[in-house]
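> Got a file for you: model-v7.cif, mmCIF, C-alpha atoms.
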```cif
data_work
#
loop_
_atom_site.label_atom_id
_atom_site.label_comp_id
_atom_site.auth_asym_id
_atom_site.auth_seq_id
_atom_site.Cartn_x
_atom_site.Cartn_y
_atom_site.Cartn_z
CA LEU A 315 -30.21 94.80 -71.33
CA VAL A 316 -29.47 91.06 -71.47
CA ILE A 317 -33.03 90.23 -70.40
CA HIS A 318 -34.41 92.65 -73.00
CA ASN A 319 -32.28 91.11 -75.76
CA LEU A 320 -33.34 87.61 -74.75
CA LYS A 321 -36.98 88.66 -74.83
CA VAL A 322 -36.58 90.28 -78.25
CA PHE A 323 -34.72 87.22 -79.51
CA GLY A 324 -37.56 85.04 -78.23
CA TYR A 325 -40.08 87.11 -80.17
CA LYS A 326 -37.98 86.90 -83.33
CA VAL A 327 -37.58 83.16 -82.90
CA SER A 328 -41.32 82.65 -82.45
CA GLY A 329 -42.13 84.76 -85.51
CA GLU A 330 -39.46 83.40 -87.84
CA ALA A 331 -39.86 79.85 -86.55
CA GLY A 332 -43.62 80.01 -87.02
CA VAL A 333 -43.27 81.27 -90.58
CA ARG A 334 -40.51 78.82 -91.47
CA ILE A 335 -42.36 75.88 -89.96
CA LEU A 336 -45.54 76.67 -91.88
CA ALA A 337 -43.69 77.31 -95.14
CA SER A 338 -41.47 74.25 -94.75
CA LEU A 339 -44.42 72.03 -93.88
CA PHE A 340 -46.24 73.19 -96.98
CA ILE A 341 -43.20 72.62 -99.20
CA LEU A 342 -42.61 69.16 -97.77
CA LEU A 343 -46.24 68.10 -98.18
CA LEU A 344 -46.36 69.59 -101.68
CA ALA A 345 -43.16 67.78 -102.72
CA ARG A 346 -44.44 64.46 -101.36
CA HIS A 347 -47.83 64.97 -103.03
CA VAL A 348 -46.74 66.03 -106.53
CA GLY A 349 -43.43 64.14 -106.79
CA VAL A 350 -39.95 65.21 -107.87
CA SER A 351 -40.76 66.25 -111.46
CA GLU A 352 -43.83 68.35 -110.64
CA PHE A 353 -41.94 69.88 -107.73
CA GLY A 354 -39.27 70.90 -110.23
CA ARG A 355 -41.97 72.49 -112.39
CA TYR A 356 -43.28 74.40 -109.36
CA SER A 357 -39.76 75.58 -108.51
CA SER A 358 -39.13 76.86 -112.04
CA ALA A 359 -42.40 78.83 -112.01
CA PHE A 360 -41.66 80.21 -108.55
CA ALA A 361 -38.18 81.36 -109.62
CA PHE A 362 -39.59 83.15 -112.67
CA ALA A 363 -42.26 84.94 -110.59
CA ALA A 364 -39.74 85.86 -107.89
CA LEU A 365 -37.64 87.79 -110.42
CA PHE A 366 -40.39 90.42 -110.56
CA CYS A 367 -40.38 90.85 -106.80
CA ILE A 368 -37.71 93.52 -107.26
CA PHE A 369 -40.44 95.91 -108.41
CA VAL A 370 -42.25 95.40 -105.10
CA ASP A 371 -39.31 95.24 -102.73
CA LEU A 372 -37.62 98.44 -103.97
CA GLY A 373 -35.01 98.05 -101.22
CA THR A 374 -37.18 99.97 -98.74
CA SER A 375 -37.42 97.55 -95.79
CA PRO A 376 -34.08 98.23 -94.03
CA ILE A 377 -34.35 101.97 -94.72
CA VAL A 378 -37.95 102.08 -93.41
CA THR A 379 -36.85 100.24 -90.25
CA ARG A 380 -34.03 102.71 -89.79
CA GLU A 381 -36.26 105.77 -90.31
CA VAL A 382 -39.00 104.51 -87.98
CA ALA A 383 -36.38 103.85 -85.31
CA ARG A 384 -34.76 107.26 -85.71
CA ASN A 385 -37.87 109.43 -86.14
CA PRO A 386 -40.71 108.44 -83.78
CA SER A 387 -42.60 111.67 -84.50
CA GLN A 388 -42.73 110.86 -88.23
CA ARG A 389 -44.09 107.33 -87.95
CA SER A 390 -47.61 108.12 -89.16
CA ARG A 391 -46.19 109.89 -92.20
CA ILE A 392 -43.88 106.97 -92.95
CA VAL A 393 -46.66 104.38 -92.68
CA LYS A 394 -49.07 106.25 -94.98
CA ALA A 395 -46.53 107.07 -97.66
CA THR A 396 -44.89 103.64 -97.77
CA ASN A 397 -48.25 101.85 -97.81
CA LEU A 398 -49.22 103.77 -100.96
CA LEU A 399 -45.82 103.11 -102.52
CA LYS A 400 -46.02 99.37 -101.86
CA ILE A 401 -49.55 98.80 -103.12
CA CYS A 402 -48.86 100.73 -106.35
CA ALA A 403 -45.58 98.85 -106.85
CA THR A 404 -47.36 95.52 -106.34
CA LEU A 405 -49.99 96.25 -108.98
CA VAL A 406 -47.35 97.34 -111.50
CA ALA A 407 -45.16 94.29 -110.77
CA TRP A 408 -48.01 91.80 -111.22
CA THR A 409 -49.05 93.41 -114.51
CA LEU A 410 -45.49 93.13 -115.82
CA LEU A 411 -45.28 89.50 -114.67
CA HIS A 412 -48.61 88.64 -116.25
CA TYR A 413 -47.57 89.80 -119.70
CA CYS A 414 -43.93 88.71 -119.54
CA ALA A 415 -45.00 85.17 -118.65
CA ARG A 416 -46.68 84.99 -122.02
CA LEU A 417 -43.69 86.31 -123.94
CA PHE A 418 -40.76 84.22 -122.69
CA THR A 419 -40.37 80.62 -123.81
CA LEU A 420 -38.71 79.90 -120.45
CA SER A 421 -42.13 80.14 -118.81
CA ARG A 422 -44.10 78.32 -121.49
CA GLY A 423 -46.51 75.79 -120.00
CA ASN A 424 -46.37 77.44 -116.57
CA VAL A 425 -48.31 80.66 -117.20
CA THR A 426 -51.14 79.94 -114.75
CA LEU A 427 -48.67 78.84 -112.08
CA ILE A 428 -46.61 81.98 -112.60
CA ASP A 429 -49.61 84.32 -112.34
CA ALA A 430 -50.70 82.72 -109.06
CA LEU A 431 -47.18 82.54 -107.63
CA GLY A 432 -46.71 86.21 -108.48
CA ILE A 433 -49.49 87.05 -106.03
CA VAL A 434 -47.82 84.80 -103.45
CA VAL A 435 -44.27 86.17 -103.67
CA PHE A 436 -45.48 89.78 -103.83
CA GLY A 437 -47.54 89.06 -100.73
CA TYR A 438 -44.39 87.90 -98.96
CA SER A 439 -42.72 91.21 -99.86
CA LEU A 440 -45.66 93.19 -98.47
CA THR A 441 -45.47 91.21 -95.24
CA ASP A 442 -41.76 92.03 -94.99
CA HIS A 443 -42.65 95.71 -95.40
CA PHE A 444 -45.18 95.63 -92.58
CA GLY A 445 -42.70 93.71 -90.45
CA ALA A 446 -40.08 96.39 -91.14
CA LEU A 447 -42.45 99.04 -89.77
CA LEU A 448 -42.93 97.09 -86.54
CA ALA A 449 -39.20 96.28 -86.27
CA GLY A 450 -38.45 100.01 -86.33
CA LYS A 451 -40.54 100.37 -83.17
CA GLU A 452 -38.78 97.28 -81.77
CA GLU A 453 -42.18 95.61 -81.38
CA MET A 454 -40.81 92.19 -82.20
CA GLY A 455 -43.73 90.44 -80.54
CA TRP A 456 -46.22 92.10 -82.85
CA GLU A 457 -43.91 91.53 -85.79
CA ALA A 458 -43.98 87.82 -84.95
CA ILE A 459 -47.78 87.85 -84.72
CA LEU A 460 -48.08 89.64 -88.05
CA LYS A 461 -45.80 87.21 -89.85
CA VAL A 462 -47.42 84.08 -88.44
CA VAL A 463 -50.97 85.35 -89.06
CA SER A 464 -50.06 86.41 -92.60
CA ARG A 465 -48.43 83.13 -93.52
CA SER A 466 -51.18 81.08 -91.85
CA LEU A 467 -53.89 82.84 -93.84
CA GLY A 468 -51.81 82.63 -96.99
CA LEU A 469 -51.33 78.87 -96.74
CA SER A 470 -54.67 77.87 -95.21
CA LEU A 471 -56.50 77.27 -98.48
CA ALA A 472 -53.41 75.62 -100.00
CA PHE A 473 -53.29 73.12 -97.12
CA PHE A 474 -56.97 72.38 -97.71
CA ALA A 475 -56.32 71.81 -101.42
CA LEU A 476 -53.46 69.45 -100.50
CA TRP A 477 -55.75 67.56 -98.14
CA MET A 478 -58.27 67.24 -100.98
CA GLN A 479 -55.51 65.81 -103.23
CA LYS A 480 -55.91 68.53 -105.85
CA SER A 481 -53.55 69.21 -108.75
CA LEU A 482 -50.54 71.50 -108.55
CA VAL A 483 -52.34 74.34 -110.34
CA VAL A 484 -55.32 74.20 -107.96
CA ILE A 485 -53.04 74.12 -104.91
CA VAL A 486 -51.05 77.13 -106.04
CA SER A 487 -54.20 79.06 -107.02
CA SER A 488 -55.59 78.39 -103.55
CA MET A 489 -52.38 79.76 -102.05
CA ALA A 490 -52.79 82.94 -104.10
CA VAL A 491 -56.34 83.49 -102.79
CA GLY A 492 -55.13 82.90 -99.23
CA THR A 493 -52.34 85.44 -99.74
CA LEU A 494 -54.89 88.09 -100.71
CA LEU A 495 -56.77 87.34 -97.49
CA SER A 496 -53.56 87.67 -95.49
CA TYR A 497 -53.28 91.30 -96.56
CA ILE A 498 -56.36 92.02 -94.45
CA GLY A 499 -54.72 90.43 -91.42
CA CYS A 500 -51.59 92.56 -91.89
CA ALA A 501 -53.70 95.72 -92.16
CA ILE A 502 -55.42 94.93 -88.86
CA VAL A 503 -52.11 94.43 -87.03
CA ILE A 504 -50.59 97.67 -88.40
CA ARG A 505 -53.75 99.61 -87.52
CA THR A 506 -53.57 98.21 -83.99
CA ARG A 507 -49.95 99.26 -83.42
CA PHE A 508 -49.81 102.54 -85.35
CA GLY A 509 -53.34 103.74 -84.75
CA GLU A 510 -54.26 103.77 -88.43
CA PHE A 511 -53.80 101.99 -91.72
CA SER A 512 -54.16 104.39 -94.59
CA TYR A 513 -52.49 105.68 -97.74
CA GLU A 514 -51.22 109.15 -98.52
CA PHE A 515 -49.10 110.60 -101.29
CA ASP A 516 -46.17 112.45 -99.72
CA GLY A 517 -43.92 113.64 -102.51
CA PRO A 518 -41.04 115.07 -100.45
CA PHE A 519 -40.84 112.03 -98.17
CA LEU A 520 -41.11 109.50 -101.00
CA LYS A 521 -38.46 111.36 -102.98
CA SER A 522 -36.13 111.28 -99.97
CA LEU A 523 -36.95 107.61 -99.30
CA MET A 524 -36.27 106.52 -102.86
CA ARG A 525 -33.03 108.47 -102.92
CA SER A 526 -31.89 106.60 -99.81
CA CYS A 527 -33.23 103.29 -101.09
CA PHE A 528 -31.79 103.46 -104.59
CA PRO A 529 -28.42 101.84 -103.73
CA VAL A 530 -30.27 99.10 -101.83
CA PHE A 531 -32.79 98.69 -104.65
CA ALA A 532 -30.04 98.44 -107.23
CA SER A 533 -28.37 95.74 -105.17
CA ILE A 534 -31.75 94.00 -104.65
CA VAL A 535 -32.09 93.68 -108.43
CA PHE A 536 -28.90 91.67 -108.55
CA TRP A 537 -29.71 89.75 -105.37
CA VAL A 538 -33.09 88.63 -106.67
CA MET A 539 -31.40 87.50 -109.88
CA TYR A 540 -28.69 85.82 -107.80
CA GLU A 541 -31.19 83.87 -105.70
CA ASN A 542 -33.28 82.65 -108.63
CA GLN A 543 -30.94 82.38 -111.59
CA ASP A 544 -29.71 78.88 -110.63
CA ILE A 545 -33.09 77.27 -111.25
CA LEU A 546 -33.72 79.43 -114.30
CA LEU A 547 -30.36 78.41 -115.77
CA LEU A 548 -31.12 74.75 -115.11
CA THR A 549 -34.40 75.29 -116.95
CA HIS A 550 -32.65 77.14 -119.76
CA PHE A 551 -30.24 74.26 -120.33
CA ALA A 552 -33.22 71.89 -120.45
CA LEU A 553 -32.28 69.74 -117.47
CA PRO A 554 -35.13 67.40 -116.54
CA ASN A 555 -37.69 68.65 -114.03
CA ARG A 556 -36.59 65.79 -111.78
CA GLN A 557 -33.06 67.25 -111.51
CA ILE A 558 -34.47 70.72 -110.86
CA GLY A 559 -36.72 69.23 -108.19
CA LEU A 560 -33.80 67.58 -106.41
CA PHE A 561 -31.81 70.82 -106.39
CA SER A 562 -34.83 72.76 -105.13
CA ALA A 563 -35.39 70.26 -102.32
CA ALA A 564 -31.81 70.66 -101.11
CA MET A 565 -31.95 74.44 -101.47
CA LYS A 566 -35.14 74.63 -99.40
CA ILE A 567 -33.28 73.13 -96.45
CA ILE A 568 -30.60 75.81 -96.82
CA ASP A 569 -33.38 78.41 -96.87
CA VAL A 570 -34.68 77.04 -93.58
CA LEU A 571 -31.20 77.16 -92.04
CA ARG A 572 -30.93 80.81 -93.11
CA VAL A 573 -33.30 81.64 -90.27
CA PHE A 574 -30.22 81.70 -88.02
CA PRO A 575 -28.55 84.82 -89.48
CA VAL A 576 -31.93 86.46 -90.13
CA LEU A 577 -32.95 86.01 -86.49
CA LEU A 578 -29.69 87.19 -85.04
CA MET A 579 -29.46 90.33 -87.14
CA GLY A 580 -33.20 90.99 -86.88
CA VAL A 581 -32.83 91.25 -83.11
CA TYR A 582 -29.77 93.49 -83.08
CA PHE A 583 -30.22 95.66 -86.18
CA PRO A 584 -32.35 98.44 -84.57
CA SER A 585 -29.93 98.72 -81.62
CA LEU A 586 -26.95 98.72 -84.00
CA VAL A 587 -28.52 101.66 -85.82
CA ARG A 588 -28.72 103.64 -82.57
CA ILE A 589 -25.24 102.63 -81.39
CA SER A 590 -23.74 103.56 -84.76
CA LEU A 591 -24.75 107.19 -84.14
CA GLY A 592 -22.70 107.41 -80.94
CA PRO A 593 -19.12 106.62 -79.87
CA ARG A 594 -17.25 104.02 -81.94
CA GLU A 595 -16.23 101.63 -79.17
CA PRO A 596 -19.72 100.28 -78.26
CA PHE A 597 -20.49 99.73 -81.95
CA ILE A 598 -17.20 97.92 -82.54
CA HIS A 599 -17.65 95.77 -79.42
CA ARG A 600 -21.21 94.76 -80.38
CA THR A 601 -20.23 94.07 -83.97
CA ARG A 602 -17.30 91.85 -83.04
CA ALA A 603 -19.53 89.84 -80.74
CA LEU A 604 -22.10 89.39 -83.51
CA LEU A 605 -19.52 88.30 -86.06
CA GLY A 606 -17.96 85.85 -83.63
CA PHE A 607 -21.29 84.33 -82.68
CA MET A 608 -22.38 84.15 -86.31
CA LEU A 609 -19.21 82.33 -87.32
CA ALA A 610 -19.39 79.84 -84.44
CA GLY A 611 -23.10 79.19 -84.92
CA SER A 612 -22.92 78.68 -88.68
CA LEU A 613 -19.95 76.31 -88.34
CA LEU A 614 -21.82 74.26 -85.73
CA ILE A 615 -24.91 74.00 -87.93
CA THR A 616 -22.79 72.92 -90.90
CA ILE A 617 -20.85 70.32 -88.88
CA VAL A 618 -24.09 68.79 -87.60
CA ALA A 619 -25.97 68.87 -90.92
CA MET A 620 -23.19 67.59 -93.19
CA PRO A 621 -23.11 63.93 -92.03
CA THR A 622 -26.89 63.79 -91.59
CA ALA A 623 -27.78 65.11 -95.05
CA THR A 624 -29.22 61.80 -96.28
CA LEU A 625 -31.28 61.40 -93.11
CA LEU A 626 -32.58 64.95 -93.41
CA ILE A 627 -33.65 64.50 -97.02
CA ARG A 628 -35.25 61.09 -96.40
CA THR A 629 -37.08 62.31 -93.28
CA PHE A 630 -38.44 65.50 -94.80
CA TYR A 631 -39.07 64.56 -98.42
CA GLY A 632 -39.23 60.79 -98.49
CA PRO A 633 -37.10 58.14 -100.25
CA GLY A 634 -37.89 59.54 -103.70
CA PHE A 635 -35.70 62.59 -102.96
CA VAL A 636 -32.66 60.82 -101.45
CA ALA A 637 -30.56 61.71 -104.51
CA ALA A 638 -30.69 65.33 -103.27
CA ALA A 639 -28.39 64.52 -100.31
CA PRO A 640 -25.07 65.03 -102.18
CA ILE A 641 -26.42 68.33 -103.48
CA LEU A 642 -27.27 69.42 -99.92
CA ARG A 643 -23.73 68.63 -98.73
CA LEU A 644 -22.29 70.86 -101.44
CA LEU A 645 -24.68 73.68 -100.55
CA LEU A 646 -23.74 73.42 -96.87
CA VAL A 647 -20.17 74.37 -97.81
CA ALA A 648 -21.51 77.78 -98.83
CA PHE A 649 -23.71 78.17 -95.73
CA VAL A 650 -21.02 79.70 -93.49
CA CYS A 651 -20.27 82.38 -96.07
CA ILE A 652 -23.99 83.03 -96.49
CA CYS A 653 -24.34 83.72 -92.75
CA LEU A 654 -21.33 86.02 -92.55
CA ASN A 655 -22.37 87.87 -95.69
CA HIS A 656 -25.82 88.58 -94.26
CA THR A 657 -24.24 90.02 -91.12
CA LEU A 658 -21.87 92.29 -93.03
CA GLN A 659 -24.72 93.51 -95.25
CA GLN A 660 -26.72 94.68 -92.23
CA LEU A 661 -23.66 96.34 -90.68
CA THR A 662 -23.10 98.29 -93.88
CA ILE A 663 -26.69 99.58 -93.83
CA ALA A 664 -26.48 100.44 -90.11
CA LYS A 665 -23.50 102.68 -90.84
CA ASP A 666 -25.33 104.45 -93.72
CA PHE A 667 -23.07 102.95 -96.38
CA GLU A 668 -25.87 101.41 -98.48
CA GLY A 669 -24.12 102.66 -101.60
CA LYS A 670 -21.45 100.01 -101.09
CA LEU A 671 -24.00 97.20 -101.44
CA LEU A 672 -24.46 97.55 -105.18
CA ALA A 673 -20.90 96.71 -106.17
CA GLY A 674 -20.96 93.61 -103.96
CA ALA A 675 -24.29 92.47 -105.36
CA VAL A 676 -23.01 92.88 -108.91
CA ILE A 677 -19.89 90.88 -108.10
CA ALA A 678 -21.84 88.04 -106.46
CA CYS A 679 -24.53 87.89 -109.15
CA LEU A 680 -22.33 88.09 -112.23
CA SER A 681 -19.64 85.77 -110.87
CA ASN A 682 -22.32 83.21 -110.04
CA LEU A 683 -23.99 83.64 -113.44
CA PHE A 684 -20.72 83.24 -115.34
CA ALA A 685 -19.55 80.24 -113.28
CA ALA A 686 -22.94 78.50 -113.31
CA TRP A 687 -23.31 78.99 -117.07
CA ILE A 688 -20.06 77.13 -117.63
CA MET A 689 -20.31 74.52 -114.88
CA ILE A 690 -23.90 73.44 -115.53
CA GLN A 691 -22.91 72.36 -119.02
CA ARG A 692 -20.02 70.35 -117.60
CA PHE A 693 -21.27 69.03 -114.26
CA GLY A 694 -25.05 69.43 -114.37
CA VAL A 695 -26.73 70.27 -111.04
CA PRO A 696 -23.50 70.02 -108.96
CA GLY A 697 -22.10 72.77 -111.19
CA VAL A 698 -24.67 75.19 -109.72
CA CYS A 699 -23.41 74.31 -106.23
CA TYR A 700 -19.78 74.89 -107.19
CA ALA A 701 -20.72 78.28 -108.62
CA LEU A 702 -22.59 79.24 -105.44
CA ILE A 703 -19.65 78.33 -103.21
CA GLY A 704 -17.27 80.43 -105.30
CA SER A 705 -19.55 83.48 -105.56
CA GLU A 706 -20.38 83.53 -101.83
CA PHE A 707 -16.70 83.35 -100.91
CA LEU A 708 -15.84 86.08 -103.41
CA TYR A 709 -18.60 88.27 -101.99
CA LEU A 710 -17.33 87.67 -98.45
CA LEU A 711 -13.87 88.87 -99.45
CA PHE A 712 -15.35 91.98 -101.03
CA GLN A 713 -17.49 92.78 -97.98
CA GLY A 714 -14.56 92.28 -95.62
CA TRP A 715 -12.54 94.75 -97.66
CA THR A 716 -15.49 97.21 -97.68
CA ILE A 717 -15.95 97.02 -93.89
CA TYR A 718 -12.25 97.62 -93.47
CA GLN A 719 -12.52 100.83 -95.50
CA PHE A 720 -15.03 102.57 -93.20
CA GLU A 721 -14.23 100.86 -89.88
CA PRO A 722 -10.71 99.36 -89.87
CA ALA A 723 -10.89 98.59 -86.14
CA LEU A 724 -13.54 95.95 -86.78
CA MET A 725 -11.02 93.81 -88.62
CA LYS A 726 -8.39 94.06 -85.88
CA TRP A 727 -9.13 91.38 -83.31
#
```
Render the structure in this file as structure tokens.

Amino acid sequence: LVIHNLKVFGYKVSGEAGVRILASLFILLLARHVGVSEFGRYSSAFAFAALFCIFVDLGTSPIVTREVARNPSQRSRIVKATNLLKICATLVAWTLLHYCARLFTLSRGNVTLIDALGIVVFGYSLTDHFGALLAGKEEMGWEAILKVVSRSLGLSLAFFALWMQKSLVVIVSSMAVGTLLSYIGCAIVIRTRFGEFSYEFDGPFLKSLMRSCFPVFASIVFWVMYENQDILLLTHFALPNRQIGLFSAAMKIIDVLRVFPVLLMGVYFPSLVRISLGPREPFIHRTRALLGFMLAGSLLITIVAMPTATLLIRTFYGPGFVAAAPILRLLLVAFVCICLNHTLQQLTIAKDFEGKLLAGAVIACLSNLFAAWIMIQRFGVPGVCYALIGSEFLYLLFQGWTIYQFEPALMKW
């Protein structure tokens, strides 16, 4: 079992590391090429487009992974029905984004960027869906291949545009075209592992799926707002693009560090689903080990990154972004809570208590929105960081209380 877990972890590391390295390299080269202000413009457009990702995500990924793991005989049915659902949702989401970008003054001047970035972020959601199918079969090696191939194709033309020293709009448009090509690569991988890649309307299954996914979807709505509202609020209060660029640069490093909880839970989630169906003791033992390792690992990462924040920013982004170092230190304070919150979210889903996610998402999103709205006007960019620290800690308290409700033994060490 230990050897199997190490092998699976290795696959997850290779997949997530490959994706994160490619994405981080692109972001770093883009930031260096366009400068702080244009990078802030890119970040604002990306945040606006990402809001509409909720109409593509639909909260299906963890539920699809769970159903594929539990029902091997129904895998073909699941693949066909969810493929149709996702492609229809993507078309609807992009249409909404296209017209909304022309209505809201928040997006004025960034319409072309938003249209192109919509294709990109929706492509990321589709890749997550295909990865969820493979994760349900515990084919982490193929999941890694799919993610790396998808991201490589998606960024290939963007890297070429960067090399040619093109403008921000041309670079992002190239990334959108590459993302469309990546869909073909994903289809080939899924066809290889499931024997087919097709679409089929399955009313009873889709109705059951959406019923199960609704609590997750409802929470996803608030989570997507939560993850993007900081930059949108900074834009709303008319902070200079340079300040938005500095915050985005620091936040990108936190996004890279988030690979730690994603990897750990990605490896153990399918086995947690199976264990949760049996006796309580194995589930409790595995969960305690995960929480302990997550806490120790996140603290270690924070302790190492905190004093080296300036070096990290200078090395990755260049001297023009050094002012982002204090922002990064503030964000690192919230990192431990971010890791623990991700773990508790997955545990809640594994125990079929998805309905509990919505209340927590509402608490985190609205508390962050209220605090950031006040603190940005008083402290500027650091105010966003203070709001994030408070909302993540509040959400951790709520999740701890929720876990205690359905499995009190987990909280008794």
> Grab the CA of Leu344 in chain A to CA of Leu642 in chain A distance for me, in Å with one decimal place.
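Value for the CA of Leu344 in chain A-CA of Leu642 in chain A distance: 19.2 Å.
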> Can you list, as a count of residues only, every protein, DNA or RNA residue that comes within 8 Å of range 338-340 of chain A when you count only C-alpha atoms, leaving out same-chain residues fewer than 3 positions away?
8
> For this structure, which residues satisfy the selection - the PyMOL selection byres ((chain A and resi 526) around 12) - when it is evaluated on the file as given? I want them as number ranges by chain.
A: 372-378, 380-381, 519-525, 527-532, 663, 666-669
> How far is it from CA of Gly632 in chain A to CA of Leu614 in chain A, in Å with one decimal?
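About the pair CA of Gly632 in chain A and CA of Leu614 in chain A: they are 25.4 Å apart.
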> As a PyMOL selection string, please: the residues near Ala472 in chain A (cut-off 8 Å, all atoms listed in the file, same-chain neighbours under 3 positions excluded).
chain A and resi 468-469+475-476+485-489+492
> Range 455-562 of chain A near range 617-628 of chain A within 12 Å: what's each residue's closest atom pair and its distance in Å to one decimal, counting only C-alpha atoms, ordered by chain then ascending residue number, as CSV?

```
residue,atom,partner,partner_atom,distance
A:Leu560,CA,A:Ile627,CA,9.9
A:Phe561,CA,A:Ile627,CA,11.5
A:Ser562,CA,A:Ile627,CA,11.6
```
> For this file, the PyMOL selection byres ((chain A and resi 706-713) around 12) selects which residues, as a PyMOL selection string?
chain A and resi 537+540-541+645-662+667+670-682+685+699-705+714-721+725
> Given only C-alpha atoms as the basis, pick out the residue of A:Val573, A:Ile568, A:Leu548, A:Ala449 nearest to Pro696 in chain A.
A:Leu548
> Excluding range 383-399 of chain A and its own-chain neighbours fewer than 6 positions away, which residues fall within 8 Å of it when counting all atoms listed in the file? Please give them as a list of chain:residue names.
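Close residues of range 383-399 of chain A: A:Leu447, A:Gly450, A:Lys451, A:Glu452, A:Phe508, A:Glu510, A:Phe511, A:Ser512, A:Tyr513, A:Glu514, A:Phe515, A:Asp516, A:Phe519, A:Leu520, A:Pro584, A:Arg588.
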> Rounded to one decimal place, report the CA of Thr493 in chain A-CA of Ser470 in chain A distance in Å.
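Those two atoms sit 9.1 Å apart.
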> Reconstruct all heavy atoms of range 539-544 of chain A; output as an mmCIF file, keeping the file's coordinate frame.

```cif
data_model
loop_
_atom_site.group_PDB
_atom_site.id
_atom_site.type_symbol
_atom_site.label_atom_id
_atom_site.label_comp_id
_atom_site.auth_asym_id
_atom_site.auth_seq_id
_atom_site.Cartn_x
_atom_site.Cartn_y
_atom_site.Cartn_z
ATOM 1 N N MET A 539 -31.926 88.310 -108.785
ATOM 2 C CA MET A 539 -31.400 87.500 -109.880
ATOM 3 C C MET A 539 -30.484 86.398 -109.344
ATOM 4 O O MET A 539 -30.547 85.244 -109.782
ATOM 5 C CB MET A 539 -30.637 88.383 -110.858
ATOM 6 C CG MET A 539 -31.496 89.358 -111.641
ATOM 7 S SD MET A 539 -30.505 90.481 -112.659
ATOM 8 C CE MET A 539 -29.619 89.307 -113.684
ATOM 9 N N TYR A 540 -29.652 86.765 -108.387
ATOM 10 C CA TYR A 540 -28.690 85.820 -107.800
ATOM 11 C C TYR A 540 -29.401 84.636 -107.154
ATOM 12 O O TYR A 540 -28.982 83.485 -107.307
ATOM 13 C CB TYR A 540 -27.858 86.573 -106.771
ATOM 14 C CG TYR A 540 -26.795 85.746 -106.072
ATOM 15 C CD1 TYR A 540 -25.736 85.195 -106.777
ATOM 16 C CD2 TYR A 540 -26.837 85.546 -104.695
ATOM 17 C CE1 TYR A 540 -24.755 84.452 -106.141
ATOM 18 C CE2 TYR A 540 -25.860 84.812 -104.047
ATOM 19 C CZ TYR A 540 -24.822 84.268 -104.767
ATOM 20 O OH TYR A 540 -23.855 83.533 -104.128
ATOM 21 N N GLU A 541 -30.492 84.913 -106.441
ATOM 22 C CA GLU A 541 -31.190 83.870 -105.700
ATOM 23 C C GLU A 541 -32.033 82.967 -106.592
ATOM 24 O O GLU A 541 -32.387 81.858 -106.179
ATOM 25 C CB GLU A 541 -32.062 84.501 -104.617
ATOM 26 C CG GLU A 541 -31.253 85.152 -103.498
ATOM 27 C CD GLU A 541 -32.128 85.829 -102.473
ATOM 28 O OE1 GLU A 541 -33.366 85.842 -102.669
ATOM 29 O OE2 GLU A 541 -31.591 86.361 -101.483
ATOM 30 N N ASN A 542 -32.380 83.433 -107.767
ATOM 31 C CA ASN A 542 -33.280 82.650 -108.630
ATOM 32 C C ASN A 542 -32.663 82.182 -109.935
ATOM 33 O O ASN A 542 -33.252 81.355 -110.627
ATOM 34 C CB ASN A 542 -34.534 83.489 -108.941
ATOM 35 C CG ASN A 542 -35.365 83.793 -107.717
ATOM 36 O OD1 ASN A 542 -36.092 82.943 -107.220
ATOM 37 N ND2 ASN A 542 -35.247 85.011 -107.204
ATOM 38 N N GLN A 543 -31.489 82.704 -110.282
ATOM 39 C CA GLN A 543 -30.940 82.380 -111.590
ATOM 40 C C GLN A 543 -30.470 80.931 -111.697
ATOM 41 O O GLN A 543 -30.427 80.374 -112.804
ATOM 42 C CB GLN A 543 -29.790 83.328 -111.934
ATOM 43 C CG GLN A 543 -28.568 83.224 -111.042
ATOM 44 C CD GLN A 543 -27.569 84.347 -111.316
ATOM 45 O OE1 GLN A 543 -27.858 85.318 -112.012
ATOM 46 N NE2 GLN A 543 -26.378 84.229 -110.753
ATOM 47 N N ASP A 544 -30.152 80.279 -110.561
ATOM 48 C CA ASP A 544 -29.710 78.880 -110.630
ATOM 49 C C ASP A 544 -30.774 77.993 -111.255
ATOM 50 O O ASP A 544 -30.504 77.234 -112.194
ATOM 51 C CB ASP A 544 -29.358 78.375 -109.230
ATOM 52 C CG ASP A 544 -28.120 79.040 -108.661
ATOM 53 O OD1 ASP A 544 -27.333 79.584 -109.458
ATOM 54 O OD2 ASP A 544 -27.936 79.035 -107.440
#
```
